[in-house]
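> Here it is, the structure, as structure tokens.
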Amino acid sequence: MSDITAVLGVIGSDCHAVGNKILDHALTAEGIKVVNLGVMVSQDEFINAAVETGAQAILVASIYGHGEIDCDGLRGRCLERGLDKVVLYVGGNLVIGKRDFAEVETLFRGMGYDRVFPPTVDLKEMANLLKQDVAARS
Amino acid sequence: MSDITAVLGVIGSDCHAVGNKILDHALTAEGIKVVNLGVMVSQDEFINAAVETGAQAILVASIYGHGEIDCDGLRGRCLERGLDKVVLYVGGNLVIGKRDFAEVETLFRGMGYDRVFPPTVDLKEMANLLKQDVAARS
Amino acid sequence: MKLKSEKMTMEAFQAEREEVMRTWPTGQGVDFEDGVRYQLALPESKRFSSALAKAEREGKTLCQPRAGVALVDEHIKLLQFLEPSCDLLPSTIDAYTRLNHYEKAAEGVARSLAAGTSLLNGFPAVNHGLAECRRVVEALKKPVQVRHGTPDARLLGEITLAAGFTAYEGGGISYNIPYAKKVPLERSIRHWQYCDRLVGLYEERGVRINREPFGPLSGTLVPPFVSHCVAIIEGLLALEQGCKCITLGYGQAGNIVQDIAAIRSLRELGHEFFRAAGYEDYALSTVFHQWMGGFPENEAMAFSVIAWGSAMAALSGATKVIVKTPHEASGIPTKEANKQGLDATTQLLNMVREQVFPASPVVDLEVELIKREVRAVMAKVFELGNGDVAVGAVRAFEAGVLDVPFAPATCNAGKLMPVRDNEGAVRIFEVGRVPLPDDVLAYHKEKIAERAKAENRAPVFQMVVDDIYAISKSKLIGRPR
Amino acid sequence: MKLKSEKMTMEAFQAEREEVMRTWPTGQGVDFEDGVRYQLALPESKRFSSALAKAEREGKTLCQPRAGVALVDEHIKLLQFLEPSCDLLPSTIDAYTRLNHYEKAAEGVARSLAAGTSLLNGFPAVNHGLAECRRVVEALKKPVQVRHGTPDARLLGEITLAAGFTAYEGGGISYNIPYAKKVPLERSIRHWQYCDRLVGLYEERGVRINREPFGPLSGTLVPPFVSHCVAIIEGLLALEQGCKCITLGYGQAGNIVQDIAAIRSLRELGHEFFRAAGYEDYALSTVFHQWMGGFPENEAMAFSVIAWGSAMAALSGATKVIVKTPHEASGIPTKEANKQGLDATTQLLNMVREQVFPASPVVDLEVELIKREVRAVMAKVFELGNGDVAVGAVRAFEAGVLDVPFAPATCNAGKLMPVRDNEGAVRIFEVGRVPLPDDVLAYHKEKIAERAKAENRAPVFQMVVDDIYAISKSKLIGRPR
Ligand code: B12
Ligand code: B12
């Protein structure tokens, strides 16, 4: 069993709830403590929850296409709030339209996310990466 | 009523019979006398029929993809046999694969065909062109 | 609870209207009388209700895409591009506007202008305002509907109906439960009574606006009776406010028998409940949504999901079908991908249009099953509301009597858990507090047991997860590997 | 007539074989015993009959593409590319080889080499010869079938079976009537008796080769009973020569009821006639061909035709489906387009696989209709042949008792004229000299009259022409505009 706590949520005005429930289920099954904020989560709510629970990671989902607008600036706010070690993941249908994933990845890495995932990600593999990344940070 | 006689047939080892029956039907309806050789017609059979019937036009169909091989040389043989005024049309799925029609047209024009038609041709329009072309040649 | 399904008085409406129109600057210039004049001047060919009525008469299934981008000119170009390939047009509204975050939408418009491409997932009609929306309507020949997901759609309705849109999707339940998190149901129902009343006022002035409750809800394994109940309640709420042209919707489940039975029962139940409530003078039609859950990424596979939905739409006798695109799994489609979805749909509609799905006792049985489920739940809704359907709906959600699977709204119990049976029909695995008759429940359990046995595993949540992924992984039923 | 459906003696076979093997140089090195050894050494996974038997047991519909190009390495690349997306592999033979024009095929190979791209519409297996064909089989993991259209397929059969192909399509009627012009039917049937005997000899040595009469014939509005009769006759001819694994085929007509009834009746009639003729020890399976007539050019629309065919294949319970591609209307597909056809098919097969088409009296009626038609025609075939099915077949074609619409062969009467009815089922507009029972004929006429009335025009040839174009113009029924 790992001792990881991760904050999970769907950012912005995004109502897509299904993937969120499944992510929760899958991460929990992998022994990760999940603080699930559900859908329509603001950047501040993510950060508050991480601060409160001492989470090592924040997993941001954006499905509805406004990711480019909604996800920008989260890394900066984390730093402002003293979360300088927190692992930031982002995944989903991150941008508007069918775009080359490599391009999308570069865009979100540029925003300070440690890893960027397409909708087809294997959740078990992702959980393993998370464990490694958290271990490497602490 | 026009006084045009046209030889019609599907060239080479090609068995596609449906379009041929419809072309016959459509041209006849437009007042053109059709000498229909059916499927699997050799270049010589086309020419013999044109010579025998005094046809002003030969309509070559190739559907099965071997058009590039089968249709080459017909214009030359027509000239050899004294058919120097005959209008030569070709149509169907003329080459192997889905290729840009403009390319296919250039290829078959290069072989000496007066007009080249894709499978989606409107047969009424084609019959009108035929009447014009025959009139212009005589 | 001050809520009641009763026609809003003119005073109440007017008072509320003044408030609504102040919530964003573009509300200011919108005049109802001007809207009526504008609507009355529209040619018949732009009237949604007329197209539906004609399709109903001819037994034809019309097709309609989803489409919306941030900027007006681009939006017009998009719709003009799609127009020749469909019967009915949409304007799909962006997600910020849906939540009345007009400043955010403004930011999206500005960033889209800068980026030279739409960064919004829809058309921000409120931000663009009346005149710009009229430009959209005027650029098109076919009827245009507002399609969204807005719990408070009052301002959006005022602007778009005055602008000549002739159909309005949504409802107080169907645009809350799947689309919002913390909006009290009572509030969204009240706000939609306003929208319905607005449509009713147009109707009274001779302008027929089509109203379409959003059928598919969360789009994910929703059992037909669940969405039917919501559709019927929203139909009743709309009729009460004077709406006269109602389209009830359903999202494809994937099992032939269930899908055909669903549209048939939806139509019959609609009439049953509407007439029982004393409404006679209305036009009813149905809409079938091509598969609303997760799509396969592979476009060839997506085409098959689209085609199958089209076939079922036509065979079930739905009045229209809402069309997906081969880009569904990836993102907002390009206009070309959107047209491809329409072309695929048209081909299949045309190939089955004249065919009659053979009469079968198996289908009749499924129709009866759905009807019994709906009647049981609706009886409880009326009971909880002491005869008032609005109050009943709110209390039914509170009590878990109405329960939509996988919905984000906190006012939804989320106890009902669906799963596919061995032939792929959506059945009830955990009923929560939904009052289905015992024998009906036993039937569901039996059907699920059949599958569990075939798969040699107990029907646990993993089975549901597998079903959620199934179609995107090129299956209907999520079998274990 | 020296023709007779009777197992060829070993002497007759050997004598004929020597001649056959001399018709092209690549015939020389081919040794039957070596072929048997090679076949016996193949793993079970490459055996076509095993894959079919497994599918039959599991009630699964397998999918198979068409594919063939001029050069061996390219052909291997093509099949390897498709292999992960399908269950069964083909090698589609080019049209010169089909007509034994091996010099022409050689020219095609040479020109293809020069052009750097295939200029042949298939794989010229005879020209490439035994060793090269074995390279194909060895490069693949799944079973490979020879698919062609060859009236005299003796040499092709000797080479490809010795090379390890485990299934052989065709038949003396189905590979003559739609594929040739002047080949006497008696001759092609005799030549196919040779092929069947060859398969029988392999069978006797423990090597099961699947034999599949070509179901769709001209692919254009062929009424089910017509292709069923041909399929059954060719099945009987093959069984007589010792073949034991038979797949009967049918090309999609487009009407649900008719297509489902067609596969059901085909299977039942197959058993009925085979058992009546005294055969018991055989494996029977069925193949459904996605729409074999003209396709729409628009690829999105083509996808829907493909999807609809896949749905019907699975729902009708066919053992395998032959898959079209989005390039169908244009030309030989690229390998990518070919894979797209397979992916679309797989998605739909998987989505309906577990579903049972609801039992319906309407389908039962159609099954009965087809059975009565087939029995009436087959009775006449046997009568004309004095009990011999080979002789009967030849005489039946002479007499117009068997008559395939739109076929090029001069030995085919071409008097029977089909047309769609008001629901799109293929009916008989002019029966020619086909001996259908009077009440059956009256039923066809009545169904057509229904349509004629709906269209306000007489059922003349233009209606047939409109039907031929219909699917390529995005309709099932060719209605007047
Ligand atoms: C169901 C659905 C809906 C339902 C949602 C019901 C609900 N409340 O949950 C309804 C119908 C309500 C809906 C509404 C809308 N939708 Co929607 N919807 C879908 C659909 C069909 C399936 C989503 C789903 O549930 N998938 C199943 C789950 C299991 O997968 P998932 O959500 O992708 O999540 C997985 C992965 O993405 C990944 N993942 C996700 N987040 C993260 C984060 C991390 C860190 C990691 C590691 C992994 C990860 O893991 C998850 C589990 O496997 C998708 C298209 C598709 N995928 O086929 C469109 C889609 C997501 N919707 C879309 C849009 C735009 C909307 C709307 C704005 C309407 C519109 N304009 O069309 C509104 C949203 C309004 C709002 N406020 O959010 C677009 C997004 C476009 C884009 N990004 O370019 C999509 C892609 C459709 C499309 N092609 O246009 N939708
Ligand atoms: C039905 C069909 C068959 C039937 C034919 C039955 C018969 N005897 O008629 C069967 C199943 C037997 C068959 C066999 C084969 N076929 Co085939 N067949 C088709 C199919 C599906 C429809 C053809 C048809 O009848 N269309 C309807 C008629 C009305 O249209 P049409 O033939 O195109 O003719 C019209 C126009 O082309 C035009 N036209 C034609 N000629 C001319 C000439 C002139 C001068 C003008 C003005 C106009 C004109 O007017 C006609 C009337 O509108 C087409 C694909 C498609 N189109 O969807 C493939 C297709 C033609 N076949 C094809 C092939 C390759 C074959 C085979 C070699 C097998 C194989 N490798 O797949 C064999 C042929 C063997 C041989 N010896 O010829 C390919 C050709 C490929 C290419 N050109 O790259 C096609 C395009 C399919 C594909 N995409 O692979 N086929």
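In the structure tokens, each chain is lettered A, B, ... as it comes, each chain's residues begin at 1, and ligands are numbered from 1 in order of appearance.
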Go through chain A and collect every residue that DSSP, computed from the backbone, puts in strand (DSSP E or B); the answer should be as a list in words.

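Taking chain A and keeping strand (DSSP E or B) gives Thr5, Ala6, Val7, Leu8, Gly9, Val10, Ile11, Lys33, Val34, Val35, Asn36, Val41, Ala57, Ile58, Leu59, Val60, Ala61, Val87, Leu88, Tyr89, Val90, Gly91, Arg115, Val116 and Phe117 of chain A.
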
> Next, the residues of the selection above should be written as an mmCIF file, in the first residue's frame with N, CA and C atoms.


data_model
loop_
_atom_site.group_PDB
_atom_site.id
_atom_site.type_symbol
_atom_site.label_atom_id
_atom_site.label_comp_id
_atom_site.auth_asym_id
_atom_site.auth_seq_id
_atom_site.Cartn_x
_atom_site.Cartn_y
_atom_site.Cartn_z
ATOM 1 N N THR A 5 -1.910 10.587 -1.085
ATOM 2 C CA THR A 5 -3.225 11.212 -1.173
ATOM 3 C C THR A 5 -3.248 12.090 -2.420
ATOM 4 N N ALA A 6 -4.307 11.935 -3.232
ATOM 5 C CA ALA A 6 -4.412 12.737 -4.453
ATOM 6 C C ALA A 6 -5.764 13.422 -4.493
ATOM 7 N N VAL A 7 -5.727 14.702 -4.853
ATOM 8 C CA VAL A 7 -6.971 15.443 -5.050
ATOM 9 C C VAL A 7 -7.413 15.252 -6.494
ATOM 10 N N LEU A 8 -8.672 14.944 -6.656
ATOM 11 C CA LEU A 8 -9.213 14.635 -7.989
ATOM 12 C C LEU A 8 -10.398 15.541 -8.268
ATOM 13 N N GLY A 9 -10.523 16.004 -9.497
ATOM 14 C CA GLY A 9 -11.686 16.815 -9.836
ATOM 15 C C GLY A 9 -11.712 17.198 -11.307
ATOM 16 N N VAL A 10 -12.877 17.650 -11.737
ATOM 17 C CA VAL A 10 -13.055 18.110 -13.111
ATOM 18 C C VAL A 10 -13.118 19.636 -13.052
ATOM 19 N N ILE A 11 -12.243 20.280 -13.787
ATOM 20 C CA ILE A 11 -12.033 21.720 -13.599
ATOM 21 C C ILE A 11 -13.033 22.576 -14.382
ATOM 22 N N LYS A 33 -5.157 7.234 -1.836
ATOM 23 C CA LYS A 33 -6.248 7.906 -1.140
ATOM 24 C C LYS A 33 -6.763 9.034 -2.031
ATOM 25 N N VAL A 34 -8.035 8.985 -2.357
ATOM 26 C CA VAL A 34 -8.578 9.960 -3.301
ATOM 27 C C VAL A 34 -9.471 10.970 -2.584
ATOM 28 N N VAL A 35 -9.166 12.233 -2.767
ATOM 29 C CA VAL A 35 -10.057 13.287 -2.307
ATOM 30 C C VAL A 35 -10.775 13.801 -3.546
ATOM 31 N N ASN A 36 -11.984 13.321 -3.726
ATOM 32 C CA ASN A 36 -12.673 13.607 -4.986
ATOM 33 C C ASN A 36 -13.594 14.804 -4.859
ATOM 34 N N VAL A 41 -14.973 22.150 -10.600
ATOM 35 C CA VAL A 41 -14.084 22.517 -9.507
ATOM 36 C C VAL A 41 -13.214 23.694 -9.950
ATOM 37 N N ALA A 57 -0.486 15.094 -4.647
ATOM 38 C CA ALA A 57 -0.754 15.232 -6.080
ATOM 39 C C ALA A 57 -2.138 15.829 -6.320
ATOM 40 N N ILE A 58 -2.239 16.567 -7.406
ATOM 41 C CA ILE A 58 -3.545 17.059 -7.859
ATOM 42 C C ILE A 58 -3.783 16.523 -9.267
ATOM 43 N N LEU A 59 -4.899 15.846 -9.437
ATOM 44 C CA LEU A 59 -5.243 15.282 -10.748
ATOM 45 C C LEU A 59 -6.409 16.076 -11.334
ATOM 46 N N VAL A 60 -6.087 16.842 -12.352
ATOM 47 C CA VAL A 60 -7.079 17.715 -12.965
ATOM 48 C C VAL A 60 -7.642 17.062 -14.218
ATOM 49 N N ALA A 61 -8.946 17.012 -14.295
ATOM 50 C CA ALA A 61 -9.575 16.530 -15.515
ATOM 51 C C ALA A 61 -10.256 17.683 -16.220
ATOM 52 N N VAL A 87 2.626 17.131 -7.211
ATOM 53 C CA VAL A 87 2.624 16.591 -8.576
ATOM 54 C C VAL A 87 1.319 17.000 -9.257
ATOM 55 N N LEU A 88 1.437 17.577 -10.445
ATOM 56 C CA LEU A 88 0.238 18.025 -11.179
ATOM 57 C C LEU A 88 0.047 17.181 -12.437
ATOM 58 N N TYR A 89 -1.079 16.483 -12.482
ATOM 59 C CA TYR A 89 -1.450 15.736 -13.686
ATOM 60 C C TYR A 89 -2.678 16.392 -14.295
ATOM 61 N N VAL A 90 -2.765 16.268 -15.598
ATOM 62 C CA VAL A 90 -3.981 16.730 -16.259
ATOM 63 C C VAL A 90 -4.344 15.727 -17.352
ATOM 64 N N GLY A 91 -5.640 15.532 -17.564
ATOM 65 C CA GLY A 91 -6.057 14.574 -18.589
ATOM 66 C C GLY A 91 -7.472 14.824 -19.069
ATOM 67 N N ARG A 115 2.511 15.700 -16.031
ATOM 68 C CA ARG A 115 2.157 14.745 -17.078
ATOM 69 C C ARG A 115 0.779 15.097 -17.652
ATOM 70 N N VAL A 116 0.630 14.745 -18.928
ATOM 71 C CA VAL A 116 -0.595 15.073 -19.659
ATOM 72 C C VAL A 116 -1.123 13.787 -20.276
ATOM 73 N N PHE A 117 -2.413 13.504 -20.096
ATOM 74 C CA PHE A 117 -2.953 12.215 -20.545
ATOM 75 C C PHE A 117 -4.117 12.374 -21.533
#

> Mind checking which residues fall within 6 Å of stretch 341-352 of chain D, counting only C-alpha atoms, ignoring those fewer than 3 positions away in the same chain, and posting them as a list in words?

Ala300, Met301, Ser304, Ser474, Lys475 and Leu476 of chain C; Ala307, Ser310, Ala311, Ala314, Lys324, Thr325, Asn338 and Gln355 of chain D

> Mind dumping the selected residues with N, CA and C atoms as a PDB file, in the first residue's frame?


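That gives us out-v8.pdb:
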ATOM      1  N   ALA C 300     -13.547   4.815 -38.216  1.00  0.00           N
ATOM      2  CA  ALA C 300     -14.342   3.816 -38.936  1.00  0.00           C
ATOM      3  C   ALA C 300     -15.324   3.156 -37.967  1.00  0.00           C
ATOM      4  N   MET C 301     -14.845   2.906 -36.767  1.00  0.00           N
ATOM      5  CA  MET C 301     -15.716   2.305 -35.755  1.00  0.00           C
ATOM      6  C   MET C 301     -16.801   3.292 -35.323  1.00  0.00           C
ATOM      7  N   SER C 304     -19.738   3.261 -37.521  1.00  0.00           N
ATOM      8  CA  SER C 304     -20.688   2.178 -37.306  1.00  0.00           C
ATOM      9  C   SER C 304     -21.633   2.479 -36.149  1.00  0.00           C
ATOM     10  N   SER C 474     -15.337  -1.031 -28.696  1.00  0.00           N
ATOM     11  CA  SER C 474     -15.833  -1.838 -29.797  1.00  0.00           C
ATOM     12  C   SER C 474     -16.653  -3.054 -29.361  1.00  0.00           C
ATOM     13  N   LYS C 475     -17.383  -2.881 -28.255  1.00  0.00           N
ATOM     14  CA  LYS C 475     -18.304  -3.931 -27.810  1.00  0.00           C
ATOM     15  C   LYS C 475     -19.598  -3.252 -27.394  1.00  0.00           C
ATOM     16  N   LEU C 476     -20.659  -4.017 -27.224  1.00  0.00           N
ATOM     17  CA  LEU C 476     -21.851  -3.437 -26.608  1.00  0.00           C
ATOM     18  C   LEU C 476     -21.844  -3.758 -25.120  1.00  0.00           C
TER      19      LEU C 476
ATOM     20  N   ALA D 307     -21.891  -0.749 -42.542  1.00  0.00           N
ATOM     21  CA  ALA D 307     -22.395  -1.002 -41.190  1.00  0.00           C
ATOM     22  C   ALA D 307     -23.714  -1.764 -41.234  1.00  0.00           C
ATOM     23  N   SER D 310     -23.170  -5.291 -42.000  1.00  0.00           N
ATOM     24  CA  SER D 310     -22.612  -6.002 -40.851  1.00  0.00           C
ATOM     25  C   SER D 310     -23.701  -6.354 -39.854  1.00  0.00           C
ATOM     26  N   ALA D 311     -24.582  -5.401 -39.611  1.00  0.00           N
ATOM     27  CA  ALA D 311     -25.667  -5.645 -38.668  1.00  0.00           C
ATOM     28  C   ALA D 311     -26.517  -6.819 -39.138  1.00  0.00           C
ATOM     29  N   ALA D 314     -24.765 -10.250 -38.753  1.00  0.00           N
ATOM     30  CA  ALA D 314     -24.767 -10.788 -37.395  1.00  0.00           C
ATOM     31  C   ALA D 314     -26.183 -11.194 -36.979  1.00  0.00           C
ATOM     32  N   LYS D 324     -16.916  -4.878 -47.417  1.00  0.00           N
ATOM     33  CA  LYS D 324     -16.620  -3.855 -48.422  1.00  0.00           C
ATOM     34  C   LYS D 324     -15.788  -2.748 -47.785  1.00  0.00           C
ATOM     35  N   THR D 325     -15.410  -1.784 -48.576  1.00  0.00           N
ATOM     36  CA  THR D 325     -14.585  -0.688 -48.058  1.00  0.00           C
ATOM     37  C   THR D 325     -15.177   0.653 -48.492  1.00  0.00           C
ATOM     38  N   ASN D 338      -9.198  -0.474 -46.726  1.00  0.00           N
ATOM     39  CA  ASN D 338      -9.631  -1.845 -46.511  1.00  0.00           C
ATOM     40  C   ASN D 338      -9.775  -2.106 -45.008  1.00  0.00           C
ATOM     41  N   GLN D 355     -27.161 -10.007 -29.562  1.00  0.00           N
ATOM     42  CA  GLN D 355     -28.589  -9.711 -29.666  1.00  0.00           C
ATOM     43  C   GLN D 355     -29.296 -10.750 -30.526  1.00  0.00           C
TER      44      GLN D 355
END

> Just give me the gap between atom CA of A:Glu125 and atom CA of C:Ser472 in Å, one decimal is fine.

19.0 Å

> For C:Ala70, find every residue with an atom within 8 Å (counting only C-alpha atoms), except residues of its own chain fewer than 4 positions away, and show them as a list in words.

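Those residues are Glu74, His75, Asp94, Gly108, Val109, Ser112, Ser118, Leu119, Leu120, Asn121, Gly122, Phe123 and Pro124 of chain C.
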
> Could I get the residue neighbourhood of ligand 1 at 6 Å, counting only C-alpha atoms and all ligand atoms, as a ChimeraX atom specification?

/A:13-19,22-23,59-65,89-97,117,119 /C:92,94-95,121-122,178-179,218-219,292-295,327-333,407-408

> Which is closest to ligand 2 among B:Gly67, B:Gly110, B:Gly31, B:Gly54, if we use only C-alpha atoms and all ligand atoms?

B:Gly67

> To test your reading of the structure, identify every residue in chain B that backbone DSSP assigns to helix (DSSP H, G or I), and report it as a PyMOL selection string.

chain B and resi 18-29+43-53+67-70+74-80+101-110+123-137

> Can you tell me, as JSON, numbers by chain, what residues are no more than 8 Å from B:Gln43 when counting only C-alpha atoms, ignoring any on the same chain fewer than 6 positions away?

{"B": [11, 12, 71, 74]}

> Using the selection just defined, write its residues with N, CA and C atoms as a short mmCIF file (atom, residue, chain, number, x, y, z; two decimals), in the first residue's frame.


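part.cif, freshly written:
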data_model
loop_
_atom_site.label_atom_id
_atom_site.label_comp_id
_atom_site.auth_asym_id
_atom_site.auth_seq_id
_atom_site.Cartn_x
_atom_site.Cartn_y
_atom_site.Cartn_z
N ILE B 11 -14.31 -3.32 -72.34
CA ILE B 11 -13.07 -3.80 -72.96
C ILE B 11 -12.33 -4.82 -72.10
N GLY B 12 -11.55 -5.65 -72.79
CA GLY B 12 -10.61 -6.54 -72.10
C GLY B 12 -11.28 -7.77 -71.51
N CYS B 71 -6.88 -0.33 -72.61
CA CYS B 71 -7.37 0.73 -73.49
C CYS B 71 -6.27 1.35 -74.35
N LEU B 74 -5.77 1.79 -78.76
CA LEU B 74 -6.99 1.70 -79.59
C LEU B 74 -7.00 2.80 -80.66
#

> Find the spatial neighbours of stretch 128-134 of chain A, counting only C-alpha atoms, within a cut-off of 9 Å - ignore same-chain residues fewer than 3 positions away - and output them as a PyMOL selection string.

chain A and resi 2+4+30+32+56-57+85-87+89+114+123-125+137-138

> Quick one: of A:Gly73, A:Asp122, A:Thr53, A:Phe46, who's nearest to chain C, counting only C-alpha atoms?

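Counting only C-alpha atoms, the residue closest to chain C is A:Asp122.
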
> Which residue out of D:Ala337, D:Val137, D:Ala449, D:Val391 has the minimum interatomic distance to ligand 2 when only C-alpha atoms and all ligand atoms are used?

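When distances to ligand 2 are compared using only C-alpha atoms and all ligand atoms, the smallest one comes from D:Ala337.
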
> Compare C:Leu416, C:Val464, C:Ala41, C:Leu89 by their minimum atom-to-atom distance to chain A, counting only C-alpha atoms, and give me the closest one.

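Residue with the minimum atom-to-atom distance to chain A: C:Val464.
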
> Mind pulling up the distance from atom CA of C:Gly170 to atom CA of C:Met312?

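Atom CA of C:Gly170 lies 23.1 Å from atom CA of C:Met312.
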
> Could you work out how far atom CA of C:Leu3 lies from atom CA of C:Ala390, giving the answer in Å with one decimal?

6.7 Å

> Tell me, as a PyMOL selection string, which residues lie within 8 Å of C:Leu239, counting only C-alpha atoms; anything in the same chain fewer than 4 positions away does not count.

chain C and resi 235+243-244+279+282

> Store the residues of this selection in a file with N, CA, C and O atoms, as a compact mmCIF listing (two decimals), in the first residue's frame.


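Output below, filename out21.txt:
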# COMPACT_ATOMS: atom_id res chain seq x y z
N GLY C 235 -42.66 17.53 -20.13
CA GLY C 235 -43.73 17.79 -21.09
C GLY C 235 -44.94 18.40 -20.40
O GLY C 235 -45.52 19.38 -20.87
N CYS C 243 -47.09 25.78 -23.80
CA CYS C 243 -46.37 25.23 -24.95
C CYS C 243 -47.28 24.22 -25.64
O CYS C 243 -48.03 23.51 -24.98
N LYS C 244 -47.17 24.13 -26.97
CA LYS C 244 -48.10 23.24 -27.70
C LYS C 244 -47.38 22.27 -28.62
O LYS C 244 -48.02 21.42 -29.25
N TYR C 279 -54.73 17.75 -21.26
CA TYR C 279 -54.25 18.46 -22.45
C TYR C 279 -54.66 17.69 -23.69
O TYR C 279 -54.48 16.47 -23.77
N TYR C 282 -52.20 19.68 -28.55
CA TYR C 282 -50.74 19.79 -28.63
C TYR C 282 -50.24 18.89 -29.75
O TYR C 282 -50.96 17.98 -30.18
